[in-house]
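These notes concern the structure reproduced below.
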Amino acid sequence: MGESPLQRDGLAVAANDAAELSVPLQLTRPLDGKVLIGLQSAAGVPLDAVRRPLTVLAGARRVRQTEDMLVRGTGTLTLEVPAAAVPREGAEVTVQLGLALFEVSDDREQAAWRDAWLGRERAGAKPLAAAANESSTRLAHAVGANWTVPVVDDAQLAGSMTSLSRALDKLKPEDLGPKATVLLALAPAARKLSARRAKAADLEGLLRALRKDLTSSVAGAKEDPELLATLAAALAATAPANGDLSLVRELVRRIRRSEVRVGGDTWIAASGAHRHAATALLALTEILLGEHGRAFERVRTLARIERSGGGLDLGTRMLAHLVASLLAEGAEPTTVTVELDGTAHQLALDRGAARLPAAVLAQPGKHRIHVEVPGGHAAVYVRAATEYGLPWELIPARPGSLRAAIEGKTNARDQRAALELVVQNRSPRTIGRPVLELTLPAGAELDEEGHRRLAELTATAPEATRGTLHLELRSLPPGSTQRLPLPLRWSVAGQLVGLGVTAQPSDQPEDLFILKPRSWDIAAPELKP
C-alpha cells in the first residue's frame with residue numbers, strides 16, 4: 001500500500017493516559033498489504049508507530065471445487081474454473097497411494113492378521129492365550145496371523161486350535177455370521193497350509209468341517225448383504241486349489257442385488273454400524289475370483305467415503321486397506337510425478353502421500369492434472385482442490401431448497417452482535433446436512449465464546465478461514481426452520497459490507513440459495529481519556 005498521511009491537530013494526551021481517534025479508510029479495491037499508523041509531536045518528532053496487516057477481498061462468494069480419481073499407476077483429471085472466477089489462496093493437488101487411503105489400526109492382532117494375508121512376517125507377533133473363555137473370532141485371528149511366524153511353535157498353535165474347536169462347538173446351527181467370520185479369520189493360514197506341515201492336517205480338518213457346515217446352510221441364509229458378503233469372502237479365501245467356486249459366484253450374484261451405482265461410485269446398500277463392510281468384503285471376493293476391475297471400483301468408492309468424512313468403521317477400513325494392498329503389485333513407490341498444466345513436478349511420498357500447492361488451479365480456465373507412479377501398478381488416489389470467488393450477481397436460475405435470512409442488530413464496535421441466522425428447508429425432503437457459508441465483513445471476529453455457542457447447534461465445529469464462516473447444520477426436516485446465533489465481535493467501526501450467505505445440501509452443491517451481502521453500520525463508542 002502507498003502512504004496516505006492524515007494530520008490531526010489539537011490532540012492532547014497527558015502522560016500515562018490514552019485517547020482514541022477514529023481515522024476513516026476508503027477501501028475500494030482488493031489488496032493485501034499493511035497499514036502503518038504513526039504518531040508525531042507538533043514539532044514533527046516521531047513518538048510511536050504500529051504496522052498492522054490488512055487484506056481486502058473482492059466482493060465475491062467463496063467456491064470450493066474438487067475433482068478426484070482413483071487409478072492404477074497413471075491417470076489424468078481435469079478441473080474447470082469459470083471465466084468469472086476471482087482467484088484465491090488454497091488450491092492444491094494431493095496424492096495418496098491406495099495403501100495410505102485407509103488409516104489402519106495399530107492393534108497388533110489386526111495388523112498381524114493383515115500382514116499374514118500379504119505374506120509379510122510381523123516380528124514379535126504372538127498368539128493369544130489358548131484360554132477357554134477367548135472368543136472364537138479372536139482365536140481364529142490368532143491362528144491365521146501366526147501360522148507362518150517362525151517364533152511361534154506348534155504347541156502354541158495347537159492350543160489355540162483346540163480352544164477354537166471348543167468355542168465353535170458352542171455356536172448354534174443358525175450362527176452363520178460368526179462361523180463365516182471365523183473361517184475368514186483363518187484364511188491366511190488356509191492359504192499357506194504347507195508352511196506348518198506338522199499341524200496342517202489338524203487345520204485342514206477344522207477348515208473342512210467349517211466349510212461343510214456353511215455350504216450346507218447357505219441356501220437358507222437370509223438376504224443380509226453383510227452376511228452374504230462374509231460367507232462369500234470366507235468360502236473364496238479358504239477354497240482348495242482349483243476348488244469349485246460356483247457357490248461363491250452364486251453368493252456374489254445375490255449380493256449384487258443390493259448394488260447401488262451413482263456416477264463413478266458403486267457400493268452395496270446395507271444398514272447398521274458396519275454398513276460399508278459388505279462393499280469391502282465383496283471387493284475382496286472379487287479379487288479372489290479374478291475380477292480386479294470390479295474390486296477397484298469398490299475401493300475407489302470406499303476411498304471417497306473415507307476422504308469425505310463418511311467414516312468407515314475400523315474393521316471395514318482394515319479390509320479396504322487389505323484389498324488396496326492386494327490390488328497393488330511390486331515394491332511400494334517412493335516418488336510420484338504430477339504434471340500440472342504441462343509442468344512436471346516430482347514429489348517424494350511421505351508414508352504414501354504427497355502434496356503440491358497449485359495456485360494456477362484458482363485461475364479461470366480448464367486445467368489438466370496428470371499423475372504417474374513408477375512401475376505403473378500402485379492404486380493412486382488423486383484429489384485436485386481449488387478455491388475462488390464468484391460475483392454475488394451470478395444467481396442460479398432456480399432458487400435452492402434452502403432459504404436463509406439474517407435478523408437482529410449488529411451493536412457497536414467491541415460488542416457482541418445480536419444477530420441470528422435463520423435457515424428454512426423449503427423442500428419436501430429432509431436435508432441431511434445443510435451447508436452454509438457467510439462472508440465476514442472486515443473486523444468481524446468469532447471469539448471463543450461465540451464459537452462455542454455456534455458449535456452447540458451445528459453438526460461440526462464452525463470454521464472461519466480467509467473471510468468466510470463455514471457451518472454444517474444437523475438434518476433439517478421438510479418445512480422446518482433453525483435459528484442460529486451470530487455472536488460476532490467487531491474490531492472496527494463504520495460502514496462494512498458483508499454477511500452474504502450461500503446455502504446448499506451437502507450432497508447437492510448445485511441446489512444453491514444465495515443471499516447477497518449488504519451494508520452494516522457499526523457504531524464507534526466514544527473512548528474518553
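As shown in the C-alpha cells, the chain order sets the letters A, B, ...; within each chain, residues go from 1, and ligands are also counted from 1 in the order they appear.
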DSSP-assigned helix (DSSP H, G or I) among segment 404-461 of chain A, expressed as a ChimeraX atom specification: /A:448-455
DSSP-assigned strand (DSSP E or B) members of segment 410-520 of chain A, reported as a PyMOL selection string: chain A and resi 416+418-425+431+434-439+444-445+458+463-465+468-473+476+481-486+489-490+494-498+501-505+513-515+518-520
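For Ser135 of chain A, the set of protein, DNA and RNA residues having any atom at most 9 Å away, when counting only C-alpha atoms and skipping those fewer than 4 positions along the same chain, is Leu139, Ala140, Leu164 and Ala167 of chain A.
Across A:Val104, A:Ala444, A:Leu361, A:Ala404, the tightest approach to Leu322 of chain A is made by A:Val104 when counting only C-alpha atoms.
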All residues 8 Å or closer to Ala233 of chain A, only C-alpha atoms, same chain fewer than 6 positions away omitted, as an NGL selection string: :A and (184 or 248 or 281-282 or 284-285)
May I have the residues from that selection written out with N, CA and C atoms, as a PDB file, in the first residue's frame?
```pdb
ATOM      1  N   LEU A 184     -13.166 -66.819   7.714  1.00  0.00           N
ATOM      2  CA  LEU A 184     -12.399 -65.770   7.051  1.00  0.00           C
ATOM      3  C   LEU A 184     -11.141 -65.427   7.851  1.00  0.00           C
ATOM      4  N   VAL A 248     -19.645 -69.619  -4.506  1.00  0.00           N
ATOM      5  CA  VAL A 248     -19.195 -68.250  -4.236  1.00  0.00           C
ATOM      6  C   VAL A 248     -19.779 -67.301  -5.280  1.00  0.00           C
ATOM      7  N   LEU A 281     -15.969 -56.460   1.738  1.00  0.00           N
ATOM      8  CA  LEU A 281     -15.913 -57.924   1.656  1.00  0.00           C
ATOM      9  C   LEU A 281     -16.158 -58.407   0.232  1.00  0.00           C
ATOM     10  N   LEU A 282     -17.099 -57.769  -0.466  1.00  0.00           N
ATOM     11  CA  LEU A 282     -17.350 -58.152  -1.850  1.00  0.00           C
ATOM     12  C   LEU A 282     -16.128 -57.855  -2.716  1.00  0.00           C
ATOM     13  N   LEU A 284     -13.032 -57.929  -1.783  1.00  0.00           N
ATOM     14  CA  LEU A 284     -12.060 -58.988  -1.500  1.00  0.00           C
ATOM     15  C   LEU A 284     -12.427 -60.259  -2.270  1.00  0.00           C
ATOM     16  N   THR A 285     -13.697 -60.612  -2.269  1.00  0.00           N
ATOM     17  CA  THR A 285     -14.148 -61.803  -3.002  1.00  0.00           C
ATOM     18  C   THR A 285     -13.886 -61.660  -4.498  1.00  0.00           C
TER      19      THR A 285
END
```
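Rounded to one decimal, atom CA of Thr430 of chain A and atom CA of His470 of chain A lie 20.7 Å from each other.
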Pick from A:Thr230, A:Thr481, A:Gln96, A:Thr502 nearest to Ala353 of chain A, counting only C-alpha atoms: A:Gln96
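Considering the residues A:Ala43, A:Leu499, A:Ala221, A:Ile37 and counting only C-alpha atoms, Leu469 of chain A has its shortest atom-to-atom contact with A:Leu499.
When only C-alpha atoms are used to measure the gap to Gly144 of chain A, the shortest distance among A:Leu326, A:Val360, A:Leu176, A:Ala187 belongs to A:Ala187.
Relative to atom CA of Leu473 of chain A, atom CA of Pro434 of chain A is found at 5.3 Å.
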Spatial neighbours of Leu484 of chain A, 10 Å, only C-alpha atoms, chain gap at least 3 places, as a CSV table (one decimal) with C-alpha atoms, in the first residue's frame:
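part-v1.csv written:
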```csv
chain,number,residue,atom,x,y,z
A,406,ILE,CA,-30.1,-12.6,8.9
A,419,LEU,CA,-27.7,-11.3,15.0
A,420,GLU,CA,-29.4,-14.5,14.1
A,421,LEU,CA,-29.1,-16.7,11.0
A,422,VAL,CA,-32.5,-18.1,10.1
A,423,VAL,CA,-32.4,-21.3,7.9
A,453,ARG,CA,-22.3,-21.1,21.2
A,454,LEU,CA,-22.5,-21.9,17.5
A,455,ALA,CA,-20.8,-25.3,17.9
A,456,GLU,CA,-23.6,-26.4,20.3
A,457,LEU,CA,-26.1,-26.1,17.4
A,458,THR,CA,-24.1,-27.4,14.4
A,473,LEU,CA,-26.0,-28.0,10.3
A,487,PRO,CA,-22.3,-13.6,18.0
```
Pairwise distance for atom CA of Leu402 of chain A and atom CA of Glu437 of chain A, rounded to one decimal in Å: 12.7 Å
Residues within 12 Å of Val71 of chain A, only C-alpha atoms, excluding chain neighbours under 5 positions, as a PyMOL selection string: chain A and resi 76-77+95-98+293+296-297+299-301+303+324+327-328+370-373+376-383
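Checking A:Arg211, A:Arg261, A:Gly243, A:His321 one by one against Val182 of chain A, counting only C-alpha atoms, you find the shortest gap at A:Arg211.
Closest approach to Glu92 of chain A among A:Leu27, A:Ala385, A:Leu394, A:Ala524 is made by A:Ala385 (distances from only C-alpha atoms).
Close contacts of Arg452 of chain A, defined as residues with an atom at most 9 Å away when counting only C-alpha atoms, with chain neighbours fewer than 4 positions off set aside, comprise Asp447, Glu448, Glu456, Ala461 and Pro462 of chain A.
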